[in-house]
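> My file is final.csv. It has CSV, C-alpha atoms and all ligand atoms:
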chain,number,residue,atom,x,y,z
A,1,MET,CA,-42.3,18.2,74.2
A,2,ARG,CA,-38.5,17.9,74.3
A,3,PRO,CA,-36.9,17.7,70.8
A,4,MET,CA,-35.7,14.2,69.9
A,5,PRO,CA,-31.9,13.9,70.1
A,6,GLU,CA,-30.3,13.7,66.7
A,7,PHE,CA,-29.6,10.1,65.7
A,8,ARG,CA,-27.1,9.3,63.0
A,9,ARG,CA,-27.0,5.7,61.9
A,10,PRO,CA,-23.3,4.5,61.8
A,11,PRO,CA,-22.2,3.4,58.3
A,12,PRO,CA,-22.5,-0.3,57.7
A,13,ASP,CA,-19.4,-2.4,58.4
A,14,PRO,CA,-17.6,-2.7,55.0
A,15,LEU,CA,-16.7,-6.2,55.8
A,16,GLU,CA,-20.3,-7.3,55.5
A,17,LYS,CA,-20.1,-6.9,51.8
A,18,ALA,CA,-16.4,-6.8,51.0
A,19,THR,CA,-13.1,-8.4,51.9
A,20,ALA,CA,-10.1,-6.4,53.1
A,21,GLU,CA,-7.2,-7.0,50.7
A,22,ARG,CA,-3.6,-5.7,50.6
A,23,ILE,CA,-1.9,-3.9,47.9
A,24,LEU,CA,0.9,-6.2,46.6
A,25,SER,CA,2.4,-3.9,43.9
A,26,ILE,CA,1.9,-0.7,42.1
A,27,ARG,CA,3.0,0.1,38.5
A,28,ARG,CA,3.0,3.7,37.3
A,29,TRP,CA,2.6,4.1,33.6
A,30,SER,CA,2.5,7.9,33.4
A,31,GLU,CA,1.6,10.7,35.8
A,32,LYS,CA,-2.1,9.9,35.3
A,33,LEU,CA,-2.2,6.1,34.8
A,34,PHE,CA,-1.3,3.4,37.2
A,35,SER,CA,-2.1,-0.2,38.0
A,36,VAL,CA,-2.5,-1.8,41.4
A,37,ARG,CA,-2.2,-5.5,42.2
A,38,VAL,CA,-4.0,-6.7,45.3
A,39,SER,CA,-4.4,-9.9,47.2
A,40,ARG,CA,-7.5,-12.0,46.2
A,41,SER,CA,-9.9,-13.8,48.5
A,42,PRO,CA,-10.0,-17.5,47.4
A,43,ALA,CA,-13.8,-17.1,47.4
A,44,PHE,CA,-13.8,-14.3,44.9
A,45,ARG,CA,-14.9,-15.5,41.4
A,46,PHE,CA,-15.6,-13.5,38.3
A,47,THR,CA,-16.1,-13.8,34.6
A,48,PRO,CA,-13.4,-12.0,32.5
A,49,GLY,CA,-14.9,-8.6,31.5
A,50,GLN,CA,-16.7,-8.0,34.8
A,51,TRP,CA,-16.1,-5.3,37.4
A,52,VAL,CA,-16.2,-5.0,41.2
A,53,ARG,CA,-16.5,-2.1,43.6
A,54,LEU,CA,-13.3,-1.1,45.4
A,55,GLY,CA,-13.4,0.8,48.6
A,56,MET,CA,-11.0,3.0,50.5
A,57,PRO,CA,-11.5,4.7,53.9
A,58,SER,CA,-12.9,8.1,53.2
A,59,GLY,CA,-10.7,9.8,55.8
A,60,SER,CA,-13.8,11.6,57.1
A,61,GLY,CA,-13.1,10.5,60.7
A,62,LEU,CA,-16.5,8.6,60.7
A,63,PRO,CA,-15.7,5.0,61.6
A,64,GLY,CA,-16.4,2.7,58.7
A,65,SER,CA,-17.0,5.5,56.2
A,66,VAL,CA,-15.7,4.2,52.8
A,67,ILE,CA,-15.6,5.6,49.3
A,68,TRP,CA,-16.6,3.0,46.7
A,69,ARG,CA,-15.9,3.0,42.9
A,70,PRO,CA,-16.4,0.3,40.2
A,71,TYR,CA,-13.3,-1.1,38.6
A,72,SER,CA,-12.9,-3.7,35.9
A,73,MET,CA,-10.6,-6.7,36.6
A,74,VAL,CA,-7.5,-6.6,34.5
A,75,SER,CA,-6.1,-9.9,35.8
A,76,ALA,CA,-7.1,-13.3,34.5
A,77,ASP,CA,-9.8,-15.2,36.4
A,78,TYR,CA,-7.1,-17.8,37.3
A,79,ASP,CA,-4.6,-15.4,38.7
A,80,GLU,CA,-4.0,-15.6,42.4
A,81,TYR,CA,-4.2,-11.8,42.7
A,82,LEU,CA,-6.5,-9.1,41.3
A,83,GLU,CA,-5.2,-6.3,39.2
A,84,PHE,CA,-6.8,-3.0,38.4
A,85,PHE,CA,-5.8,-0.3,35.9
A,86,SER,CA,-6.7,3.3,37.0
A,87,ILE,CA,-6.8,6.8,35.8
A,88,LEU,CA,-5.8,9.5,38.3
A,89,VAL,CA,-8.6,12.1,38.1
A,90,PRO,CA,-7.2,15.3,39.5
A,91,GLY,CA,-9.2,16.0,42.7
A,92,GLY,CA,-11.1,12.7,42.2
A,93,ALA,CA,-12.3,11.4,45.6
A,94,PHE,CA,-11.4,7.8,44.9
A,95,SER,CA,-8.6,7.8,42.3
A,96,SER,CA,-6.5,10.4,44.1
A,97,ARG,CA,-6.6,8.2,47.3
A,98,LEU,CA,-5.8,5.1,45.3
A,99,ALA,CA,-2.9,6.8,43.5
A,100,ALA,CA,-1.5,7.9,46.9
A,101,ALA,CA,-1.7,4.4,48.3
A,102,ASP,CA,1.4,2.3,49.1
A,103,ILE,CA,2.3,-1.3,49.0
A,104,GLY,CA,0.8,-3.1,52.0
A,105,ASP,CA,-2.1,-0.6,52.3
A,106,MET,CA,-5.6,-2.0,52.6
A,107,LEU,CA,-8.2,-1.9,49.8
A,108,TYR,CA,-11.8,-3.2,50.2
A,109,VAL,CA,-12.9,-5.5,47.4
A,110,GLU,CA,-16.7,-6.2,47.3
A,111,LYS,CA,-17.5,-9.9,47.4
A,112,LEU,CA,-19.7,-9.8,44.3
A,113,PRO,CA,-18.6,-8.9,40.8
A,114,TYR,CA,-21.0,-7.4,38.3
A,115,GLY,CA,-21.3,-6.6,34.6
A,116,TYR,CA,-22.2,-8.1,31.2
A,117,LEU,CA,-19.3,-6.9,29.1
A,118,THR,CA,-18.2,-10.5,28.5
A,119,ALA,CA,-17.3,-12.5,25.4
A,120,ALA,CA,-19.5,-15.4,26.6
A,121,ARG,CA,-22.7,-13.3,26.3
A,122,PHE,CA,-22.9,-13.5,22.5
A,123,THR,CA,-24.5,-16.1,20.3
A,124,GLY,CA,-22.9,-16.8,16.9
A,125,GLY,CA,-20.1,-14.8,15.4
A,126,ARG,CA,-16.6,-15.8,14.5
A,127,HIS,CA,-14.7,-12.6,15.2
A,128,LEU,CA,-14.5,-10.9,18.6
A,129,TRP,CA,-13.8,-7.1,18.4
A,130,LEU,CA,-12.7,-5.4,21.6
A,131,LEU,CA,-12.9,-1.6,21.3
A,132,GLY,CA,-11.7,0.5,24.2
A,133,SER,CA,-10.5,4.0,25.0
A,134,GLY,CA,-8.2,4.9,27.8
A,135,THR,CA,-8.7,2.7,30.9
A,136,GLY,CA,-11.5,1.1,28.9
A,137,VAL,CA,-8.9,-1.4,27.8
A,138,ALA,CA,-8.9,-2.9,31.3
A,139,PRO,CA,-11.6,-5.6,30.9
A,140,TYR,CA,-10.1,-6.7,27.6
A,141,LEU,CA,-6.8,-7.6,29.3
A,142,SER,CA,-8.7,-10.1,31.4
A,143,ILE,CA,-10.8,-11.3,28.5
A,144,LEU,CA,-7.8,-11.9,26.2
A,145,ARG,CA,-6.2,-14.2,28.8
A,146,ASP,CA,-9.3,-16.4,28.8
A,147,PRO,CA,-8.6,-19.7,26.9
A,148,ASP,CA,-12.3,-19.9,26.0
A,149,VAL,CA,-12.0,-16.7,24.0
A,150,TRP,CA,-9.2,-18.2,21.9
A,151,GLN,CA,-11.2,-21.4,21.3
A,152,ARG,CA,-14.7,-20.0,20.7
A,153,TYR,CA,-13.7,-17.2,18.2
A,154,ASP,CA,-11.6,-17.6,15.0
A,155,GLU,CA,-10.2,-14.1,15.3
A,156,ARG,CA,-9.7,-11.4,18.0
A,157,VAL,CA,-9.2,-7.7,17.3
A,158,LEU,CA,-8.2,-5.2,20.0
A,159,ALA,CA,-8.6,-1.5,19.1
A,160,TYR,CA,-7.1,0.5,21.9
A,161,SER,CA,-7.5,4.3,21.7
A,162,VAL,CA,-5.6,6.8,23.7
A,163,SER,CA,-4.8,10.5,23.3
A,164,GLN,CA,-1.0,10.2,23.6
A,165,ALA,CA,1.4,7.4,22.9
A,166,ARG,CA,2.7,7.2,26.4
A,167,ASP,CA,-0.8,6.2,27.6
A,168,LEU,CA,-0.7,3.0,25.6
A,169,ALA,CA,-0.3,0.7,28.7
A,170,TYR,CA,0.1,-3.1,28.8
A,171,ARG,CA,1.9,-3.3,25.5
A,172,ASP,CA,4.3,-6.0,26.7
A,173,GLU,CA,1.4,-8.1,28.2
A,174,LEU,CA,-0.5,-7.8,24.9
A,175,ALA,CA,2.6,-9.0,23.0
A,176,ALA,CA,3.1,-11.9,25.4
A,177,LEU,CA,-0.3,-13.3,24.5
A,178,ALA,CA,1.3,-14.7,21.4
A,179,ASP,CA,3.4,-17.1,23.4
A,180,ASP,CA,1.0,-17.9,26.2
A,181,PRO,CA,0.7,-21.7,26.2
A,182,LEU,CA,-2.5,-21.6,28.2
A,183,LEU,CA,-4.2,-20.0,25.2
A,184,GLY,CA,-3.4,-22.9,22.9
A,185,THR,CA,-1.1,-23.3,20.0
A,186,ASP,CA,-1.6,-23.0,16.3
A,187,ARG,CA,-3.9,-20.0,16.5
A,188,PRO,CA,-3.9,-16.6,14.7
A,189,PRO,CA,-2.3,-13.9,16.8
A,190,LEU,CA,-4.3,-11.0,18.3
A,191,ARG,CA,-5.0,-8.3,15.7
A,192,PHE,CA,-3.9,-5.2,17.5
A,193,VAL,CA,-4.9,-1.7,16.3
A,194,ALA,CA,-3.3,1.1,18.3
A,195,ILE,CA,-5.0,4.5,18.0
A,196,VAL,CA,-3.3,7.7,19.2
A,197,THR,CA,-5.7,10.6,18.7
A,198,ARG,CA,-3.5,13.6,19.6
A,199,GLU,CA,-0.1,12.6,18.2
A,200,THR,CA,1.2,11.3,14.9
A,201,VAL,CA,2.8,8.0,15.7
A,202,PRO,CA,4.0,5.6,13.1
A,203,GLY,CA,2.1,2.3,13.1
A,204,THR,CA,-0.9,3.8,14.8
A,205,LEU,CA,-4.2,5.3,13.5
A,206,GLN,CA,-5.0,8.9,14.4
A,207,ALA,CA,-8.7,9.5,14.6
A,208,ARG,CA,-11.6,8.7,17.0
A,209,LEU,CA,-13.0,5.2,17.0
A,210,PRO,CA,-16.4,6.3,15.5
A,211,ALA,CA,-14.7,8.0,12.6
A,212,LEU,CA,-12.5,5.0,12.0
A,213,ILE,CA,-15.5,2.7,11.9
A,214,ALA,CA,-17.5,5.1,9.6
A,215,ASP,CA,-14.7,5.5,7.0
A,216,GLY,CA,-13.6,1.8,7.0
A,217,SER,CA,-10.1,2.5,8.4
A,218,LEU,CA,-10.6,0.3,11.4
A,219,GLU,CA,-11.5,-2.7,9.3
A,220,GLN,CA,-8.6,-2.0,7.0
A,221,ALA,CA,-6.1,-1.8,9.8
A,222,ALA,CA,-7.6,-5.0,11.4
A,223,GLY,CA,-7.8,-6.8,8.1
A,224,LEU,CA,-11.4,-8.0,8.8
A,225,ASP,CA,-14.8,-6.7,7.9
A,226,LEU,CA,-17.4,-5.7,10.4
A,227,THR,CA,-20.5,-7.8,9.5
A,228,PRO,CA,-23.6,-8.9,11.4
A,229,GLU,CA,-22.8,-12.5,10.5
A,230,ASP,CA,-19.2,-12.6,11.8
A,231,SER,CA,-18.6,-9.7,14.2
A,232,ARG,CA,-19.3,-9.6,17.9
A,233,ILE,CA,-18.2,-6.4,19.5
A,234,LEU,CA,-17.5,-5.1,23.0
A,235,VAL,CA,-17.1,-1.4,23.5
A,236,CYS,CA,-15.8,0.2,26.7
A,237,GLY,CA,-14.9,3.7,27.8
A,238,ASN,CA,-16.2,7.2,28.0
A,239,PRO,CA,-19.9,8.0,27.4
A,240,GLN,CA,-19.4,10.2,24.3
A,241,MET,CA,-17.2,7.6,22.6
A,242,LEU,CA,-19.8,4.9,23.4
A,243,ASP,CA,-22.7,7.0,21.9
A,244,ASP,CA,-20.8,7.7,18.7
A,245,VAL,CA,-19.5,4.2,18.3
A,246,ARG,CA,-23.1,2.9,18.8
A,247,ASP,CA,-24.3,5.2,16.0
A,248,ALA,CA,-21.5,4.1,13.7
A,249,LEU,CA,-22.2,0.4,14.3
A,250,LEU,CA,-26.0,0.9,13.8
A,251,ALA,CA,-25.2,2.6,10.5
A,252,ARG,CA,-23.4,-0.5,9.5
A,253,GLY,CA,-26.4,-2.7,10.2
A,254,LEU,CA,-25.1,-4.0,13.6
A,255,ARG,CA,-27.5,-4.2,16.5
A,256,PRO,CA,-27.1,-4.1,20.3
A,257,ASP,CA,-27.1,-7.5,22.0
A,258,ARG,CA,-30.0,-7.9,24.4
A,259,SER,CA,-31.2,-10.9,26.3
A,260,ALA,CA,-34.6,-10.7,24.6
A,261,ALA,CA,-33.0,-10.0,21.1
A,262,PRO,CA,-29.5,-11.4,20.5
A,263,GLY,CA,-27.4,-8.9,18.5
A,264,HIS,CA,-23.8,-7.9,17.7
A,265,PHE,CA,-22.5,-5.4,20.2
A,266,ALA,CA,-22.5,-4.5,23.9
A,267,THR,CA,-21.2,-1.4,25.7
A,268,GLU,CA,-19.9,-0.4,29.1
A,269,ASN,CA,-19.9,3.2,30.3
A,270,TYR,CA,-17.2,4.2,32.7
A,271,TRP,CA,-19.0,7.4,33.9
B,301,LIG,C1,-18.6,-0.3,35.4
B,301,LIG,C2,-17.4,0.6,35.6
B,301,LIG,C3,-16.1,0.2,35.6
B,301,LIG,C4,-15.0,1.0,35.7
B,301,LIG,N1,-13.8,0.6,35.6
B,301,LIG,C5,-12.7,1.4,35.7
B,301,LIG,C6,-11.4,1.0,35.6
B,301,LIG,O1,-11.1,-0.2,35.3
B,301,LIG,N2,-10.4,1.9,35.7
B,301,LIG,C7,-10.6,3.2,35.9
B,301,LIG,O2,-9.7,4.0,36.0
B,301,LIG,N3,-11.9,3.7,36.1
B,301,LIG,C8,-12.9,2.8,36.0
B,301,LIG,N4,-14.2,3.3,36.2
B,301,LIG,C9,-14.4,4.6,36.7
B,301,LIG,C10,-14.1,4.7,38.2
B,301,LIG,O3,-15.1,4.0,38.9
B,301,LIG,C11,-14.0,6.1,38.8
B,301,LIG,O4,-14.9,6.9,38.3
B,301,LIG,C12,-12.6,6.7,38.6
B,301,LIG,O5,-11.7,5.9,39.3
B,301,LIG,C13,-12.5,8.1,39.1
B,301,LIG,O6,-13.0,8.1,40.5
B,301,LIG,P1,-12.9,9.4,41.3
B,301,LIG,O7,-13.7,9.2,42.6
B,301,LIG,O8,-11.5,9.8,41.5
B,301,LIG,O9,-13.6,10.5,40.4
B,301,LIG,P2,-15.2,10.4,40.0
B,301,LIG,O10,-15.9,11.4,40.9
B,301,LIG,O11,-15.7,9.0,40.1
B,301,LIG,O12,-15.1,10.9,38.5
B,301,LIG,C14,-14.9,12.3,38.2
B,301,LIG,C15,-14.8,12.4,36.7
B,301,LIG,O13,-13.6,11.8,36.3
B,301,LIG,C16,-13.7,11.3,34.9
B,301,LIG,N5,-13.4,9.9,34.9
B,301,LIG,C17,-13.9,8.9,35.7
B,301,LIG,N6,-13.4,7.7,35.4
B,301,LIG,C18,-12.5,7.9,34.4
B,301,LIG,C19,-11.7,7.1,33.6
B,301,LIG,N7,-11.6,5.8,33.9
B,301,LIG,N8,-10.9,7.6,32.7
B,301,LIG,C20,-11.0,9.0,32.4
B,301,LIG,N9,-11.7,9.8,33.1
B,301,LIG,C21,-12.5,9.3,34.1
B,301,LIG,C22,-15.2,11.6,34.5
B,301,LIG,O14,-15.2,12.9,33.9
B,301,LIG,C23,-15.9,11.7,35.9
B,301,LIG,O15,-17.0,12.5,35.8
B,301,LIG,C24,-15.3,2.4,36.0
B,301,LIG,C25,-16.6,2.9,36.1
B,301,LIG,C26,-17.6,2.0,35.9
B,301,LIG,C27,-19.1,2.6,36.0
Have the structure of the file written as structure tokens, please.


Amino acid sequence: MRPMPEFRRPPPDPLEKATAERILSIRRWSEKLFSVRVSRSPAFRFTPGQWVRLGMPSGSGLPGSVIWRPYSMVSADYDEYLEFFSILVPGGAFSSRLAAADIGDMLYVEKLPYGYLTAARFTGGRHLWLLGSGTGVAPYLSILRDPDVWQRYDERVLAYSVSQARDLAYRDELAALADDPLLGTDRPPLRFVAIVTRETVPGTLQARLPALIADGSLEQAAGLDLTPEDSRILVCGNPQMLDDVRDALLARGLRPDRSAAPGHFATENYW
């Protein structure tokens, strides 16, 4: 019997599940952090806090071969564009391609967003705590521009942890929330806690988030207590930080929020 000829199924057409968007602008925060703004299909809808898979041609020479990675939306759900905040992982298959992209280049954006790191998921609570490390701040920038978040909660805390001060991106945008008329007037400002772990910077805390929760420094800096009655907490970033924050919150009597058992915190792991 003659051997069967080798048959390689061509990769699926990316446009079956994604739209082809164009890069509108690029902002470089440091040598390893950057943001890209891309065109947005009018049909693309999301809830602030969600993520979507982005795709770039793999360059393998195989037609239609695309590398996909999940990214949180930074932009508000009412912006006409989509914005993403990215790390450059040295040698990273996707992020090194994205970092090398230029204005006008094409980026695939999947048609469906995913994720449950949203403020709307919680029942009860008066204070929304947003805890993020590194690019884990991305979903909070979208969440904090959602008028519902400013109506539904009495207070909002953003604890943003980076290793060096120059990595604290989006400071101007966070400051501008105070004057955003869309978010309503006569409301308390965002309680912003900047954390820089590897430098001593005046006005910032200098320890990892789990330690700051355990010793009460985070609450002191925010001017609010973490309690099961009042606090609803989102946590986003690297797996080790999430594990340790989870332990610190459990030790304070706070429970994970599940559909079967409403609780106080939810996490999103970036890798
Ligand atoms: C739900 C979800 C949402 C995400 N949203 C974002 C986002 O908004 N912005 C973003 O930059 N990344 C985000 N990521 C990570 C992103 O999908 C990629 O992993 C990242 O862009 C690196 O891709 P890569 O192919 O270059 O390297 P990969 O092969 O994917 O990752 C290689 C290694 O790089 C490290 N790494 C990956 N992502 C990060 C990161 N964000 N910060 C620091 N180190 C990292 C990890 O050690 C990982 O093992 C998200 C991941 C998930 C699961």

> Could you tell me, counting all atoms listed in the file, which protein and nucleic acid residues lie no more than 10 Å from ligand LIG 301 (chain B), written as a PyMOL selection string?

chain A and resi 32-35+49-54+67-74+83-99+114-117+133-139+236-239+268-271

> What is the CA of Gly61 (chain A) to CA of Leu112 (chain A) distance in Å?

26.9 Å

> To one decimal place in Å, what is the distance between CA of Tyr78 (chain A) and CA of Arg45 (chain A)?

9.1 Å

> Within 8 Å of Pro48 (chain A), counting only C-alpha atoms, which residues show up once you throw out same-chain ones fewer than 3 positions away? Write them as a list of chain:residue names, please.

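Those residues are A:Met73, A:Ala76, A:Asp77, A:Thr118, A:Pro139, A:Tyr140, A:Ser142, A:Ile143, A:Asp146.
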
> Would you list the residues near (-19.1, -13.0, 13.7), meaning any protein, DNA or RNA residue with an atom at most 7 Å from that point in file coordinates, counting all atoms listed in the file, as an NGL selection string?

:A and (124-127 or 227-232)

> Report, in Å to a single decimal, how far apart CA of Ala18 (chain A) and CA of Asp105 (chain A) are.

15.6 Å

> Show me the residues around (-4.6, 0.1, 50.9) - criterion: an atom at most 9 Å away, only C-alpha atoms counted - as a list of chain:residue names.

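With a cut-off of 9 Å, the residues come to A:Ala20, A:Glu21, A:Arg22, A:Ile23, A:Val38, A:Met56, A:Pro57, A:Leu98, A:Ala101, A:Asp102, A:Ile103, A:Gly104, A:Asp105, A:Met106, A:Leu107, A:Tyr108.
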
> Nearest to Pro181 (chain A) among A:Leu158, A:Thr47, A:Leu168, A:Pro147, with distances taken over all atoms listed in the file: which residue is it?

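Of A:Leu158, A:Thr47, A:Leu168, A:Pro147, the one nearest Pro181 (chain A) is A:Pro147, counting all atoms listed in the file.
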
> Got a sec: who's within 10 Å of region 241-244 of chain A, counting all atoms listed in the file, leaving out chain neighbours fewer than 5 positions off, as a ChimeraX atom specification?

/A:131-133,208-211,213,235-236,249-250,266-270

> Can you work out which one of A:Leu174, A:Ala214, A:Ala100, A:Tyr160 has the shortest atom-to-atom distance to Val196 (chain A), counting all atoms listed in the file?

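Once distances to Val196 (chain A) are computed over all atoms listed in the file, the minimum belongs to A:Tyr160.
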
> Of the candidates A:Val157, A:Val109, A:Leu130, A:Val245, which shows the shortest atom-to-atom distance to Gln220 (chain A), using only C-alpha atoms?

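Nearest to Gln220 (chain A): A:Val157.
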